[in-house]
Amino acid sequence: MFPSLILGVVLFLAIPGPTLCCAQQDSRGHANELRDAATLLQNRQFPAAMETYQKILQADPHNEKATLGLAAAYFGVYNYDQTRRLLREAATAHPGSAAALVELGKLDIHLLHYEDAIVELKRAVRRNPGFAAAHEQLGVAYQAKGDEENAIAQFNEAIRLAPGSGSTHYFRGSLYADRNDNERAYQDAKAAYHLEPNTQTQELLAKTALHENKCDEAIGLLQPLAGSEAVDPADLYLLSRAYKCAGQDQRAQEVQEEYEKRSQSAQESKTHKMQADHLATEAGELARKNQLSPALDLLSQALAEDPENGPALALSAKIDFSRGKISEAHQSIGAALRADPYNPDYLYVLGKVLVKQGELSLALDAFHKITVVNPREADAYFEISEIYLHNGDRARAISALRSAVKYSPDDPDYRKALSQIETSNRKSH
């Protein structure tokens, strides 16, 4: 699937996709590992993907595909700083390739930094004027800024260079639909769906078919989507209109009622989540002031609003941990991680809980996972050093402490701990 469009924002996606495919071919015998890493990335197994890409880069530091893939994995765990750092390095290391610059543009679009995206994507076009993905994403950035004429010009050039690109037909068709240029929108939507059939292209084709009074075609496209348990209420709304267009008024009314019910439910869920997030934030402020009982009251309210609210569950776990309720803390942080499995803060709490329960091997796994998704997390390295020291592995303990000091050089506790263990180690030899 091409990069998803949510509220006009293109989500970063480096594997598999046109940008990565056009990265400089420098795999040199790493084809199998790259394929394995790409599969892990597609399956959202981000830490495993990171470790696979890192192994490739240890053997082949200038492998552009591995660097782009690693950047995509960091994006998947919301580590945008590390994503940007890797893409900058790749853009510098491969001056003949525009791939990293295009991914930087996608990242800036995702972060709503449209001016920055345009700068990066223009650089990409200058590096490689024949790179269709650079023109496509530049068109997306222009469209996000409201510059429709430049957006159309870039989409046209991208399609001239790569007429078989479903994503570019989709983006251009969406723009035509927004401009009520229904015939052109329909033709692009039809091409996009033919080239790359997926939910997004199916929805766009249904919408544009309806605008062109192709009622039966719209119904045929929307019925399978409406039958899904996780149907988007907007699809039900379109299907209701399509039935009305086809003269099936009773069916249109039934689907309209289902749309209203689903839409109300979705809005209520959104409201409950927002309220729970707000209550969790307030509870966090109270907890920082050591007002734990009032904080727990707010967290109880938050979880009543949204029982799967990650921030509320994580804070509950922290408070339970501080009060010695280790089993309850484990249960809460486990629930938080089910919703957000690679959140470094949640993983840290899990690690501390596991240490308290004597599960040092599992705790080490949790802290190690933190350093995979965020290599600059000094606290995790410190906890790892403590476990290694407990296990009698002084060499690994020292290595972990050095990493803690490297990423948090002003922390006196880390520097003191490293000095003590290095001094002790010298004396023992």
# chains A, B, ... in the order shown; residues from 1 in each chain; ligands from 1
$ residues_around --residues "segment 81-95 of chain A" --least-positions-apart "3" --cutoff "12 Å" --atoms "only C-alpha atoms" --output "PyMOL selection string"
chain A and resi 12-14+23-26+50+54+57+61-78+98-108+111+120-121+123-124+126-128+372-377
$ residues_around --residues "Ala246 of chain A" --least-positions-apart "5" --cutoff "9 Å" --atoms "only C-alpha atoms" --output "list in words"
Asn213, Lys214, Cys215, Asp216, Ile219 and Arg241 of chain A
$ write_last_selection --atoms "all heavy atoms" --output "short mmCIF file (atom, residue, chain, number, x, y, z; two decimals), in the first residue's frame"
data_model
loop_
_atom_site.label_atom_id
_atom_site.label_comp_id
_atom_site.auth_asym_id
_atom_site.auth_seq_id
_atom_site.Cartn_x
_atom_site.Cartn_y
_atom_site.Cartn_z
N ASN A 213 -22.67 10.20 -10.84
CA ASN A 213 -23.97 9.53 -10.92
C ASN A 213 -23.86 8.08 -11.41
O ASN A 213 -24.79 7.54 -12.01
CB ASN A 213 -24.94 10.31 -11.83
CG ASN A 213 -25.34 11.64 -11.21
OD1 ASN A 213 -25.65 11.71 -10.02
ND2 ASN A 213 -25.30 12.70 -12.00
N LYS A 214 -22.75 7.45 -11.12
CA LYS A 214 -22.58 6.02 -11.42
C LYS A 214 -22.99 5.26 -10.15
O LYS A 214 -22.16 4.73 -9.41
CB LYS A 214 -21.14 5.73 -11.83
CG LYS A 214 -20.70 6.50 -13.08
CD LYS A 214 -19.25 6.21 -13.43
CE LYS A 214 -18.76 7.07 -14.59
NZ LYS A 214 -19.44 6.75 -15.86
N CYS A 215 -24.30 5.23 -9.93
CA CYS A 215 -24.84 4.81 -8.64
C CYS A 215 -24.54 3.34 -8.33
O CYS A 215 -24.10 3.00 -7.22
CB CYS A 215 -26.35 5.04 -8.60
SG CYS A 215 -26.84 6.67 -9.22
N ASP A 216 -24.79 2.47 -9.29
CA ASP A 216 -24.58 1.04 -9.06
C ASP A 216 -23.10 0.72 -8.82
O ASP A 216 -22.78 -0.14 -8.00
CB ASP A 216 -25.11 0.23 -10.25
CG ASP A 216 -26.63 0.29 -10.36
OD1 ASP A 216 -27.27 0.58 -9.33
OD2 ASP A 216 -27.16 0.04 -11.46
N ILE A 219 -22.34 1.66 -5.30
CA ILE A 219 -22.90 0.67 -4.36
C ILE A 219 -22.03 -0.58 -4.31
O ILE A 219 -21.70 -1.09 -3.23
CB ILE A 219 -24.34 0.31 -4.76
CG1 ILE A 219 -25.28 1.51 -4.52
CG2 ILE A 219 -24.84 -0.91 -3.99
CD1 ILE A 219 -26.67 1.33 -5.09
N ARG A 241 -26.09 7.57 0.36
CA ARG A 241 -26.29 8.46 -0.80
C ARG A 241 -26.35 7.68 -2.11
O ARG A 241 -27.11 8.01 -3.02
CB ARG A 241 -25.17 9.49 -0.86
CG ARG A 241 -25.24 10.57 0.23
CD ARG A 241 -24.11 11.56 0.08
NE ARG A 241 -24.10 12.14 -1.26
CZ ARG A 241 -23.04 12.72 -1.80
NH1 ARG A 241 -21.89 12.78 -1.13
NH2 ARG A 241 -23.10 13.25 -3.01
#
$ residues_around --residues "Leu205 of chain A" --least-positions-apart "4" --cutoff "10 Å" --atoms "only C-alpha atoms" --output "MDAnalysis selection string"
chainID A and resid 170 173:174 185:194 199:201 209:211 217:218 221:222
$ residues_around --residues "Ala304 of chain A" --least-positions-apart "6" --cutoff "12 Å" --atoms "only C-alpha atoms" --output "ChimeraX atom specification"
/A:272-273,275-277,279-280,297-298,312-313
$ atom_distance --atom1 "atom CA of Asn309 of chain A" --atom2 "atom CA of His278 of chain A"
10.8 Å
$ atom_distance --atom1 "atom CA of Ala230 of chain A" --atom2 "atom CA of Phe171 of chain A"
24.2 Å
$ select_by_dssp --residues "segment 1-247 of chain A" --states "strand (DSSP E or B)" --output "JSON, numbers by chain"
{"A": [5, 6, 9, 10]}
$ write_last_selection --atoms "C-alpha atoms" --output "compact mmCIF listing (two decimals), in the first residue's frame"
# COMPACT_ATOMS: atom_id res chain seq x y z
CA LEU A 5 -3.45 9.74 3.83
CA ILE A 6 -4.94 10.80 7.15
CA VAL A 9 -0.96 14.02 6.06
CA VAL A 10 1.16 11.40 4.35
$ residues_around --residues "Arg160 of chain A" --least-positions-apart "4" --cutoff "9 Å" --atoms "only C-alpha atoms" --output "PyMOL selection string"
chain A and resi 132+155-156
$ write_last_selection --atoms "N, CA and C atoms" --output "PDB file, in the first residue's frame"
ATOM      1  N   ALA A 132      10.221   9.993  -9.757  1.00  0.00           N
ATOM      2  CA  ALA A 132       8.790  10.282  -9.688  1.00  0.00           C
ATOM      3  C   ALA A 132       8.308  10.504  -8.258  1.00  0.00           C
ATOM      4  N   PHE A 155       2.138  16.509  -9.572  1.00  0.00           N
ATOM      5  CA  PHE A 155       1.488  15.214  -9.800  1.00  0.00           C
ATOM      6  C   PHE A 155       1.539  14.838 -11.277  1.00  0.00           C
ATOM      7  N   ASN A 156       1.339  15.824 -12.148  1.00  0.00           N
ATOM      8  CA  ASN A 156       1.392  15.549 -13.588  1.00  0.00           C
ATOM      9  C   ASN A 156       2.778  15.043 -13.996  1.00  0.00           C
TER      10      ASN A 156
END
$ residues_around --residues "segment 392-406 of chain A" --least-positions-apart "3" --cutoff "7 Å" --atoms "only C-alpha atoms" --output "compact mmCIF listing (two decimals) with N, CA, C and O atoms, in the first residue's frame"
# COMPACT_ATOMS: atom_id res chain seq x y z
N ALA A 378 19.40 7.06 28.59
CA ALA A 378 20.44 6.78 29.59
C ALA A 378 19.92 5.96 30.75
O ALA A 378 20.63 5.07 31.28
N ASP A 379 18.69 6.23 31.22
CA ASP A 379 18.16 5.51 32.37
C ASP A 379 18.12 4.01 32.13
O ASP A 379 18.38 3.21 33.04
N TYR A 381 20.09 2.23 30.16
CA TYR A 381 21.45 1.68 30.25
C TYR A 381 21.89 1.51 31.70
O TYR A 381 22.55 0.53 32.05
N PHE A 382 21.50 2.47 32.55
CA PHE A 382 21.87 2.36 33.96
C PHE A 382 21.21 1.14 34.59
O PHE A 382 21.86 0.39 35.33
N ILE A 384 20.25 -1.55 33.08
CA ILE A 384 20.91 -2.72 32.51
C ILE A 384 22.22 -3.00 33.25
O ILE A 384 22.55 -4.15 33.57
N SER A 385 22.97 -1.93 33.54
CA SER A 385 24.24 -2.11 34.26
C SER A 385 24.02 -2.70 35.64
O SER A 385 24.80 -3.54 36.10
N GLU A 386 22.94 -2.29 36.30
CA GLU A 386 22.64 -2.81 37.63
C GLU A 386 22.35 -4.31 37.58
O GLU A 386 22.78 -5.07 38.45
N TYR A 388 23.38 -6.45 35.20
CA TYR A 388 24.64 -7.16 34.88
C TYR A 388 25.54 -7.25 36.11
O TYR A 388 26.19 -8.27 36.35
N LEU A 389 25.58 -6.17 36.86
CA LEU A 389 26.41 -6.18 38.07
C LEU A 389 25.90 -7.21 39.06
O LEU A 389 26.69 -7.95 39.67
N PRO A 409 25.70 12.91 30.20
CA PRO A 409 27.02 13.20 30.80
C PRO A 409 26.96 14.07 32.06
O PRO A 409 27.92 14.09 32.84
N TYR A 414 25.34 8.70 37.57
CA TYR A 414 25.89 7.79 36.56
C TYR A 414 27.42 7.88 36.54
O TYR A 414 28.11 6.85 36.46
N ARG A 415 27.93 9.10 36.60
CA ARG A 415 29.39 9.26 36.57
C ARG A 415 30.04 8.65 37.81
O ARG A 415 31.10 8.02 37.73
N LEU A 418 29.97 4.81 37.49
CA LEU A 418 30.97 4.34 36.53
C LEU A 418 32.36 4.44 37.13
O LEU A 418 33.18 3.51 36.99
$ select_by_dssp --residues "segment 298-400 of chain A" --states "helix (DSSP H, G or I)" --output "MDAnalysis selection string"
chainID A and resid 298:305 310:322 326:339 344:356 360:373 378:390 394:400
$ residues_around --residues "segment 328-341 of chain A" --least-positions-apart "4" --cutoff "6 Å" --atoms "only C-alpha atoms" --output "PDB file with all heavy atoms, in the first residue's frame"
ATOM      1  N   GLY A 310      -3.786   4.329  27.838  1.00  0.00           N
ATOM      2  CA  GLY A 310      -2.401   4.024  28.165  1.00  0.00           C
ATOM      3  C   GLY A 310      -1.797   4.928  29.220  1.00  0.00           C
ATOM      4  O   GLY A 310      -1.217   4.431  30.204  1.00  0.00           O
ATOM      5  N   LEU A 313      -3.247   4.076  32.661  1.00  0.00           N
ATOM      6  CA  LEU A 313      -2.790   2.778  33.140  1.00  0.00           C
ATOM      7  C   LEU A 313      -1.328   2.835  33.590  1.00  0.00           C
ATOM      8  O   LEU A 313      -0.957   2.262  34.631  1.00  0.00           O
ATOM      9  CB  LEU A 313      -2.951   1.740  32.030  1.00  0.00           C
ATOM     10  CG  LEU A 313      -4.387   1.296  31.730  1.00  0.00           C
ATOM     11  CD1 LEU A 313      -4.451   0.583  30.383  1.00  0.00           C
ATOM     12  CD2 LEU A 313      -4.903   0.387  32.844  1.00  0.00           C
ATOM     13  N   ALA A 314      -0.489   3.534  32.812  1.00  0.00           N
ATOM     14  CA  ALA A 314       0.936   3.614  33.157  1.00  0.00           C
ATOM     15  C   ALA A 314       1.143   4.374  34.466  1.00  0.00           C
ATOM     16  O   ALA A 314       1.957   3.966  35.312  1.00  0.00           O
ATOM     17  CB  ALA A 314       1.704   4.278  32.029  1.00  0.00           C
ATOM     18  N   ALA A 317       0.196   2.270  37.335  1.00  0.00           N
ATOM     19  CA  ALA A 317       1.257   1.299  37.617  1.00  0.00           C
ATOM     20  C   ALA A 317       2.379   1.942  38.420  1.00  0.00           C
ATOM     21  O   ALA A 317       2.913   1.332  39.362  1.00  0.00           O
ATOM     22  CB  ALA A 317       1.792   0.730  36.306  1.00  0.00           C
ATOM     23  N   ASP A 320       1.136   2.442  42.011  1.00  0.00           N
ATOM     24  CA  ASP A 320       1.074   1.143  42.695  1.00  0.00           C
ATOM     25  C   ASP A 320       2.478   0.645  43.032  1.00  0.00           C
ATOM     26  O   ASP A 320       2.718   0.110  44.127  1.00  0.00           O
ATOM     27  CB  ASP A 320       0.355   0.116  41.808  1.00  0.00           C
ATOM     28  CG  ASP A 320      -1.156   0.296  41.811  1.00  0.00           C
ATOM     29  OD1 ASP A 320      -1.684   0.866  42.783  1.00  0.00           O
ATOM     30  OD2 ASP A 320      -1.809  -0.126  40.835  1.00  0.00           O
ATOM     31  N   PHE A 321       3.406   0.822  42.116  1.00  0.00           N
ATOM     32  CA  PHE A 321       4.785   0.401  42.352  1.00  0.00           C
ATOM     33  C   PHE A 321       5.372   1.147  43.549  1.00  0.00           C
ATOM     34  O   PHE A 321       6.019   0.547  44.416  1.00  0.00           O
ATOM     35  CB  PHE A 321       5.625   0.647  41.104  1.00  0.00           C
ATOM     36  CG  PHE A 321       7.066   0.229  41.235  1.00  0.00           C
ATOM     37  CD1 PHE A 321       7.433  -1.092  41.009  1.00  0.00           C
ATOM     38  CD2 PHE A 321       8.052   1.133  41.598  1.00  0.00           C
ATOM     39  CE1 PHE A 321       8.761  -1.504  41.135  1.00  0.00           C
ATOM     40  CE2 PHE A 321       9.370   0.745  41.726  1.00  0.00           C
ATOM     41  CZ  PHE A 321       9.731  -0.577  41.487  1.00  0.00           C
TER      42      PHE A 321
END
$ closest_residue --among "A:Pro233, A:Leu40, A:Ala366, A:Lys289" --to "Pro344 of chain A" --atoms "only C-alpha atoms"
A:Ala366
